[in-house]
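Quick notes on the structure that follows.
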Amino acid sequence: MPLTINLKPREKLILNGVVIENSGPVAKILIHTNAALLREKDIIAEDKANTPARRIYFAIQCQYLFAGKADQFFGQIDRLLAEYRQAKPEAAGVVADIRRLLDEDQFYRALKSAKQLIQLEEGAIATNPSAASAGVTLDPGPGVTLPPAHKL
């Protein structure tokens, strides 16, 4: 059974690394095969990956959408997850779930779990604004360059 996507006017999605925009009225798209697909509302642009949890999400998103660059992302994702787990032990269960899903090549589900880290982080920032600059400072690491984010 195909996946049905309804796109509102001007709504965008990324399908296997290609940005698609609906230029007309509501469009109904049927996807008949497996594909890496993210709707605009689920995409984090590189410049918005400005917290540890968002960097994890962004790296997984890149792995999912640009599968041909797997070697580049897996090491980075592992390092980001390990650093996050060390800095935020209370998130160890979510981090373990993300790692398991990645090991099973369930990237979309791993993204959904990574959203939990973002929600936890946003909750911490809402109750303690100084938490935005405290804790983990994650950088991509030496020799790791992320592909340019698609401008949505």
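Identifiers for the structure tokens are assigned positionally: chains receive A, B, ... in sequence, residues are indexed from 1 per chain, and ligands are indexed from 1 in the order shown.
Omitting Ala36 (chain A) and its sequence neighbours fewer than 6 positions away, and counting only C-alpha atoms, the residues within 6 Å are Leu15, Asn16 and Leu65 of chain A.
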Phe66 (chain A) environment, 9 Å, only C-alpha atoms, sequence neighbours closer than 2 positions dropped, as a PyMOL selection string: chain A and resi 16-17+36+61-64+68-70+147
Selected residues written out with N, CA and C atoms, as a compact mmCIF listing (two decimals), in the first residue's frame:
# COMPACT_ATOMS: atom_id res chain seq x y z
N ASN A 16 14.61 11.57 -0.80
CA ASN A 16 15.90 11.03 -1.25
C ASN A 16 16.90 12.13 -1.59
N GLY A 17 16.94 13.18 -0.75
CA GLY A 17 17.91 14.25 -0.92
C GLY A 17 17.48 15.36 -1.85
N ALA A 36 13.61 7.83 1.45
CA ALA A 36 13.93 8.70 2.57
C ALA A 36 13.15 9.99 2.36
N GLN A 61 19.36 13.13 10.65
CA GLN A 61 18.61 13.58 9.47
C GLN A 61 19.48 13.50 8.21
N CYS A 62 20.72 13.94 8.31
CA CYS A 62 21.64 13.88 7.17
C CYS A 62 21.91 12.43 6.79
N GLN A 63 22.11 11.57 7.79
CA GLN A 63 22.34 10.15 7.52
C GLN A 63 21.14 9.56 6.78
N TYR A 64 19.96 9.91 7.22
CA TYR A 64 18.72 9.39 6.63
C TYR A 64 18.54 9.89 5.19
N GLY A 68 24.13 7.80 0.94
CA GLY A 68 25.39 7.54 0.26
C GLY A 68 26.60 8.05 1.03
N LYS A 69 26.38 8.82 2.06
CA LYS A 69 27.48 9.37 2.85
C LYS A 69 27.49 8.76 4.25
N ALA A 70 27.07 7.51 4.36
CA ALA A 70 26.94 6.84 5.65
C ALA A 70 28.22 6.87 6.47
N PRO A 147 27.15 18.02 5.03
CA PRO A 147 26.78 18.60 3.75
C PRO A 147 26.00 19.88 3.99
message: Which residues are close to Phe58 (chain A), i.e. within 9 Å by only C-alpha atoms, leaving aside same-chain residues fewer than 3 positions away? Reply as JSON, numbers by chain.
response: {"A": [43, 44, 45, 46, 48, 49, 53, 54, 55, 61, 62, 63, 111]}
Requested in this report: Using only C-alpha atoms, determine which residues lie at most 12 Å from Glu90 (chain A), disregarding the query and same-chain residues fewer than 5 positions distant; provide the list as a VMD selection string.
Outcome: chain A and resid 84 to 85 95 to 96 117 120 to 121
As a PyMOL selection string, please: all residues of region 24-73 of chain A that backbone DSSP puts in strand (DSSP E).
chain A and resi 27-31+37-39
**Prompt:** Hey, what's within 9 Å of Ile14 (chain A) if we count only C-alpha atoms and toss same-chain stuff fewer than 4 positions away? As number ranges by chain, please?
**Reply:** A: 18-21, 36-40, 43, 65, 150
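Atom pair CA of Tyr57 (chain A) / CA of Ile31 (chain A) has a distance of 24.1 Å (rounded to one decimal).
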When you look at Pro2 (chain A) with a cut-off of 7 Å (counting only C-alpha atoms), what residues show up, excluding the ones that are within fewer than 2 positions of it in the same chain? I need them as a compact mmCIF listing (two decimals) with C-alpha atoms, in the first residue's frame.
# COMPACT_ATOMS: atom_id res chain seq x y z
CA THR A 4 0.00 9.14 0.77
CA LEU A 30 1.65 8.65 -3.57
CA ILE A 31 4.99 7.02 -2.73
CA HIS A 32 5.02 3.40 -3.94
The residue from A:Arg99, A:Lys88, A:Arg109, A:Lys8 with the smallest atom-to-atom distance to Phe74 (chain A), counting only C-alpha atoms, is A:Arg99
